[in-house]
Structures are given as structure tokens and as C-alpha cells.
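Quick notes on the structure that follows.
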Amino acid sequence: MGDSSILKPGTIVGFCNPLLDMTVVGDQNLLDKYGLKNNNAILAEEKHMPLYEELMKNKNIEYTAGGSAQNSLRVAQWILEKPNVAVFFGAVGQDKYSEILKLKANNEGVDVKYQYSTEKPTGTCAVIVTNNGKDRSLCANLSAAETFTEDHLDVPENKAIIENAKFFLVTGFFLQVNVKAVQKLAKIAFERKCPFLFNMSAPFIYQFYMDSVMSIFRYVNIVVGNDEEAKAFSEGQKWNLDNIEEIACKLSTFEVENDRYRLVIITQGDKPVLVAKDGTITHYPVPKIPTSDIIDSNGAGDAFIGGFISKYILDCPIKTCIEAGINAGSYIIQQPGITKGESFKI
């Protein structure tokens, strides 16, 4: 148990919106100018388009390969140290940005099977970091990522990878782009009795796309989100619950397909991680990190999932999987973006 050398290429498959992250240190004035909030993620509207132009003029802007699931798989690959165990699917444009994304992903061990759009450019995500790195606001311009079609799953090479995978990762962000593709993947995972992890992604998913979520939720047997996303789900279902532990417990037994288990994992920043199964809660403490050591909280949740998957796929105990997630998230908030330094060790 714990030996990544036994894993085959394509053991883990992930589906989301590949984006080029554009990160700057900003302030409340910048957030107010574009109607953005700290610690939130939204999809760009017309009023946000000038934001990207403004950020590009910032001499300290940093470009990194992004997209929630792609980031999680990058972190998983850092830990597994065996190339191509993880394969990522998503849509990009035929441009220099997609070339950068592919190169960065490949260099970190992630195989990518992008669907290329001739109509739109590669998507971008504005990441505005405030409050000395503790807070971030994400504004995603999906662009080409919105063009993903389910027939990409039927390309012979892709179909073979999906049908032989042992672990599936899908995000709420991707569900918003192509619910039919997610429904197809959820049923494949269910029929093959493979773990299907759903990243809750952001509160707006449960305000505007709850019907899409519920169309696949019974097949989901691992849910990972933060406390704000859990509250948004509860509000969307009109549960009238405010207590995060109660929400986590209810999620663990809500609409579960017969003969399937559901593990619900809720992060709460520096408070203990909550893990619910069969209506029972377990707490996992999070180490305190000095404020002075926090550089950028962007991507901590994605990193948590990457750390968790890297151990789960090796049949490690849940405690080991959660601790790997916590350690990965704790490491990432002390880095600029989701970047791997020499000190990385999980």
C-alpha cells in the first residue's frame, strides 16, 4: 500500500475548464471597480472584460497553468512522482496560451487530451490577491472552455482512457459547461464501480445550476468543498440548516445510489476539516500557519483534492488521505499560486 509504481497511465481522469491564470496583488478598490468579492469565484460578464486588459498592464502579473481539476491533478502528480498517472480533459483554443498550458501540464507529469476550438481563444482567469495573501477573488472568462462537447469523450483514444480509468474527478465548474458530458462520465464510473469525486467549486453553482448538480449527485461518492459551498448547497435545497456539521452529515446520506457509499469532506480554512460518512462526523485538525508565511490562498482547495487523490488511489486509510490533502493545501498557501518549490514533500 502506498507504492505509486504500481499505477498505470490514465489511472486518474479529471474533467474541468483549462484556464491560464493571471495573478496580481490587488486591493479593495480594484475589487469594487469590477463588483468582485474576496474569497469568491464568478464567471466573467461583459462588464468584467476590461479587467483582463488592466491586469495585463500590471508589471508584476504572473501567468500560471490553471483550471481547478487540472491544478488538482498537477499536485497529485507531484506526490505520485510517476508521469501520466493522471489525464486531464477540457477545451482550449488553438493559440499560444494552450501551448503553454499543455507544456506546463506535461512538464509536471499530467497527460492532457484537450479538445481544440477554432472559434474561441483559450480561457483565462483573473486572480486578485488581497489582505496580505489571505484572500483571493477569481473571475473566469471561460471562452474556449465553454465549447467542450461530449463527443470528445468518444474519440477512440479518449474513450479507451476513460473506460480503463480507476478514479474520476469532475468539478462543479465543468458541470456548468456541459452537464451531458458529466452525466455520461458519472454513469460510466457508477457502472464500473469507480470512485467519482465531485469538487463543489463555488457557491454560485448551487444558486444557478442545482438541477444540473442533482442530475448526477446520486452517482457521486466523494464530495469535497468548503464551508461556504456547503452552506450554498443547503440553501439551494432549502434545508434550513446553518451548522456545517449538520449539513455535511445530511450530504453524506442525501440521494445516494443503492450500494454506494458517500464520503463528504468539508474544509473550513484553518479550522478542522470535517469528514462525514453515513451521517457520522470525524474532525481532522489543520496546522496553524503564521499569517506572515501565507503568500496566496488561491488554489488551496484544489491542492487539497490533489493530495487526497494521490493517497486514495493507493488504498491508503482515509486519515492518511485527508492529512495528505491538508498538507498539500497548507503548502500551497505558502507559495505564489499553485507552484512546486524545492521544499515540497507530502
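Here, A, B, ... name the chains of the C-alpha cells in the order displayed, residue numbers run from 1 inside each chain, and ligands are numbered from 1 in the same displayed order.
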If you count only C-alpha atoms, which residues fall within 6 Å of region 26-38 of chain A, apart from same-chain ones fewer than 4 positions away, as a CSV table (one decimal) with N, CA, C and O atoms, in the first residue's frame?
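The result, written out as result-v8.csv:
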chain,number,residue,atom,x,y,z
A,128,ILE,N,-7.2,37.9,-8.2
A,128,ILE,CA,-6.8,39.1,-7.5
A,128,ILE,C,-6.6,38.8,-6.0
A,128,ILE,O,-7.5,38.4,-5.3
A,129,VAL,N,-5.3,38.9,-5.6
A,129,VAL,CA,-4.9,38.5,-4.2
A,129,VAL,C,-4.9,39.8,-3.3
A,129,VAL,O,-4.3,40.8,-3.7
A,130,THR,N,-5.6,39.7,-2.2
A,130,THR,CA,-5.6,40.8,-1.2
A,130,THR,C,-5.4,40.3,0.2
A,130,THR,O,-5.2,39.2,0.4
A,135,ASP,N,-6.6,36.4,1.1
A,135,ASP,CA,-7.9,36.3,0.4
A,135,ASP,C,-7.6,36.4,-1.1
A,135,ASP,O,-6.6,37.0,-1.6
A,136,ARG,N,-8.6,35.9,-1.9
A,136,ARG,CA,-8.5,36.0,-3.3
A,136,ARG,C,-9.8,36.0,-3.9
A,136,ARG,O,-10.8,35.5,-3.4
A,137,SER,N,-9.9,36.6,-5.1
A,137,SER,CA,-11.1,36.7,-5.9
A,137,SER,C,-10.8,36.2,-7.3
A,137,SER,O,-9.9,36.7,-7.9
For Gly329 (chain A), find every residue with an atom within 10 Å (counting only C-alpha atoms), except residues of its own chain fewer than 4 positions away, and show them as a list in words.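 Here the qualifying residues turn out to be Val75, Gly269, Val286, Ser297, Asn298, Gly299, Ala300, Gly301, Asp302, Ala303, Phe304, Ile305, Gly306, Gly307, Glu323, Ala324, Gly325, Ile333, Gln334 and Ile338 of chain A.
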Generate the output file for the selected residues, all heavy atoms, as a tab-separated table (two decimals), in the first residue's frame.
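Below is the file out-v3.tsv, written as the result:
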chain	number	residue	atom	x	y	z
A	75	VAL	N	-0.94	18.59	-8.67
A	75	VAL	CA	-0.49	18.32	-7.31
A	75	VAL	C	-0.41	16.82	-7.05
A	75	VAL	O	0.55	16.32	-6.45
A	75	VAL	CB	-1.42	19.00	-6.28
A	75	VAL	CG1	-1.05	18.58	-4.86
A	75	VAL	CG2	-1.34	20.52	-6.42
A	269	GLY	N	-11.00	26.51	6.11
A	269	GLY	CA	-9.83	27.37	6.32
A	269	GLY	C	-8.90	26.75	7.35
A	269	GLY	O	-8.47	25.61	7.20
A	286	VAL	N	-6.16	21.15	11.42
A	286	VAL	CA	-5.34	21.81	10.41
A	286	VAL	C	-4.24	22.58	11.14
A	286	VAL	O	-4.52	23.34	12.07
A	286	VAL	CB	-6.19	22.79	9.57
A	286	VAL	CG1	-5.31	23.60	8.62
A	286	VAL	CG2	-7.25	22.01	8.80
A	297	SER	N	-3.67	32.31	-1.00
A	297	SER	CA	-4.60	31.22	-0.66
A	297	SER	C	-5.26	30.62	-1.90
A	297	SER	O	-5.96	29.61	-1.81
A	297	SER	CB	-5.69	31.73	0.30
A	297	SER	OG	-6.44	32.77	-0.31
A	298	ASN	N	-5.02	31.20	-3.07
A	298	ASN	CA	-5.63	30.68	-4.31
A	298	ASN	C	-5.17	29.26	-4.58
A	298	ASN	O	-3.98	28.98	-4.60
A	298	ASN	CB	-5.23	31.58	-5.49
A	298	ASN	CG	-5.80	31.08	-6.80
A	298	ASN	OD1	-6.91	30.59	-6.85
A	298	ASN	ND2	-5.01	31.18	-7.85
A	299	GLY	N	-6.10	28.38	-4.76
A	299	GLY	CA	-5.76	27.00	-5.13
A	299	GLY	C	-5.60	26.04	-3.98
A	299	GLY	O	-5.31	24.86	-4.20
A	300	ALA	N	-5.78	26.51	-2.73
A	300	ALA	CA	-5.61	25.60	-1.59
A	300	ALA	C	-6.58	24.43	-1.66
A	300	ALA	O	-6.22	23.28	-1.37
A	300	ALA	CB	-5.78	26.37	-0.28
A	301	GLY	N	-7.82	24.70	-2.06
A	301	GLY	CA	-8.81	23.63	-2.16
A	301	GLY	C	-8.49	22.64	-3.26
A	301	GLY	O	-8.65	21.42	-3.08
A	302	ASP	N	-8.01	23.15	-4.39
A	302	ASP	CA	-7.61	22.26	-5.49
A	302	ASP	C	-6.43	21.39	-5.07
A	302	ASP	O	-6.37	20.20	-5.39
A	302	ASP	CB	-7.23	23.08	-6.73
A	302	ASP	CG	-8.39	23.88	-7.28
A	302	ASP	OD1	-9.54	23.52	-7.02
A	302	ASP	OD2	-8.12	24.87	-7.99
A	303	ALA	N	-5.49	22.00	-4.34
A	303	ALA	CA	-4.33	21.25	-3.87
A	303	ALA	C	-4.74	20.18	-2.87
A	303	ALA	O	-4.22	19.06	-2.89
A	303	ALA	CB	-3.31	22.20	-3.24
A	304	PHE	N	-5.69	20.52	-2.00
A	304	PHE	CA	-6.21	19.54	-1.04
A	304	PHE	C	-6.71	18.30	-1.78
A	304	PHE	O	-6.39	17.16	-1.40
A	304	PHE	CB	-7.34	20.16	-0.21
A	304	PHE	CG	-7.98	19.21	0.77
A	304	PHE	CD1	-7.60	19.22	2.10
A	304	PHE	CD2	-8.96	18.30	0.37
A	304	PHE	CE1	-8.17	18.33	3.01
A	304	PHE	CE2	-9.53	17.41	1.26
A	304	PHE	CZ	-9.14	17.42	2.59
A	305	ILE	N	-7.49	18.52	-2.83
A	305	ILE	CA	-8.04	17.39	-3.58
A	305	ILE	C	-6.93	16.58	-4.24
A	305	ILE	O	-6.98	15.34	-4.25
A	305	ILE	CB	-9.07	17.90	-4.62
A	305	ILE	CG1	-10.33	18.37	-3.90
A	305	ILE	CG2	-9.41	16.82	-5.65
A	305	ILE	CD1	-11.36	19.02	-4.79
A	306	GLY	N	-5.93	17.27	-4.76
A	306	GLY	CA	-4.80	16.55	-5.36
A	306	GLY	C	-4.08	15.67	-4.36
A	306	GLY	O	-3.74	14.52	-4.65
A	307	GLY	N	-3.84	16.22	-3.16
A	307	GLY	CA	-3.19	15.44	-2.12
A	307	GLY	C	-4.04	14.25	-1.70
A	307	GLY	O	-3.54	13.13	-1.54
A	323	GLU	N	-4.99	13.81	5.60
A	323	GLU	CA	-3.78	14.50	6.04
A	323	GLU	C	-2.91	14.92	4.86
A	323	GLU	O	-2.30	16.00	4.87
A	323	GLU	CB	-2.99	13.61	7.01
A	323	GLU	CG	-3.68	13.48	8.36
A	323	GLU	CD	-3.01	12.50	9.30
A	323	GLU	OE1	-2.12	11.74	8.83
A	323	GLU	OE2	-3.37	12.48	10.50
A	324	ALA	N	-2.88	14.10	3.81
A	324	ALA	CA	-2.14	14.48	2.60
A	324	ALA	C	-2.79	15.69	1.95
A	324	ALA	O	-2.10	16.60	1.45
A	324	ALA	CB	-2.10	13.31	1.62
A	325	GLY	N	-4.12	15.73	1.96
A	325	GLY	CA	-4.84	16.88	1.43
A	325	GLY	C	-4.54	18.14	2.22
A	325	GLY	O	-4.26	19.21	1.66
A	333	ILE	N	-0.65	27.45	0.14
A	333	ILE	CA	-0.91	28.84	0.55
A	333	ILE	C	0.37	29.58	0.96
A	333	ILE	O	0.34	30.80	1.14
A	333	ILE	CB	-1.95	28.92	1.68
A	333	ILE	CG1	-1.44	28.30	2.98
A	333	ILE	CG2	-3.25	28.28	1.26
A	333	ILE	CD1	-2.39	28.54	4.16
A	334	GLN	N	1.46	28.84	1.03
A	334	GLN	CA	2.75	29.48	1.32
A	334	GLN	C	3.59	29.67	0.06
A	334	GLN	O	4.78	29.98	0.13
A	334	GLN	CB	3.52	28.65	2.35
A	334	GLN	CG	2.80	28.51	3.68
A	334	GLN	CD	3.53	27.62	4.66
A	334	GLN	OE1	4.56	28.00	5.23
A	334	GLN	NE2	3.00	26.42	4.87
A	338	ILE	N	-0.24	27.97	-7.57
A	338	ILE	CA	0.00	26.54	-7.42
A	338	ILE	C	1.33	26.20	-8.08
A	338	ILE	O	1.41	25.84	-9.25
A	338	ILE	CB	-1.16	25.71	-8.00
A	338	ILE	CG1	-2.43	26.01	-7.21
A	338	ILE	CG2	-0.87	24.21	-7.95
A	338	ILE	CD1	-3.58	25.08	-7.45
So which bits of region 28-164 of chain A end up helix (DSSP H, G or I) when you DSSP the backbone, as a PyMOL selection string? chain A and resi 28-33+46-56+68-80+96-107+131-133+143-147+150-154+156-164
CA of His48 (chain A) to CA of Leu138 (chain A), distance in Å rounded to a single decimal: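 Answer for the CA of His48 (chain A) to CA of Leu138 (chain A) separation: 11.4 Å.
Between CA of Ala91 (chain A) and CA of Ser117 (chain A) lies a distance of 6.9 Å.
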Which residues come within 8 Å of region 50-59 of chain A, counting only C-alpha atoms, excluding same-chain residues fewer than 5 positions away, as a PyMOL selection string? chain A and resi 22+24+34+126
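DSSP annotation of region 184-315 of chain A from backbone atoms: strand (DSSP E or B) residues are Phe196, Leu197, Phe198, Asn199, Ile222, Val223, Val224, Gly225, Asn226, Leu263, Val264, Ile265, Ile266, Thr267, Gln268, Lys271, Pro272, Val273, Leu274, Val275, Ala276, Lys277, Thr280, Ile281, Thr282, His283 and Tyr284 of chain A.
As for CA of Val223 (chain A) and CA of Arg262 (chain A), they are spaced 7.5 Å apart.
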Rank nothing, just name the residue among A:Asp95, A:Asp242, A:Asp21, A:Glu45 nearest to Tyr63 (chain A), using only C-alpha atoms.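 Result for the nearest residue to Tyr63 (chain A): A:Asp21.
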Nearest residue to Ala140 (chain A) out of A:Ser330, A:Asn17, A:Thr320, A:Asn240, using only C-alpha atoms?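 Closest to Ala140 (chain A), using only C-alpha atoms: A:Asn17.
Minimum atom-to-atom distance to Asp296 (chain A), evaluated using only C-alpha atoms, belongs to A:Thr23 out of A:Lys231, A:Thr23, A:Cys16, A:Ser68.
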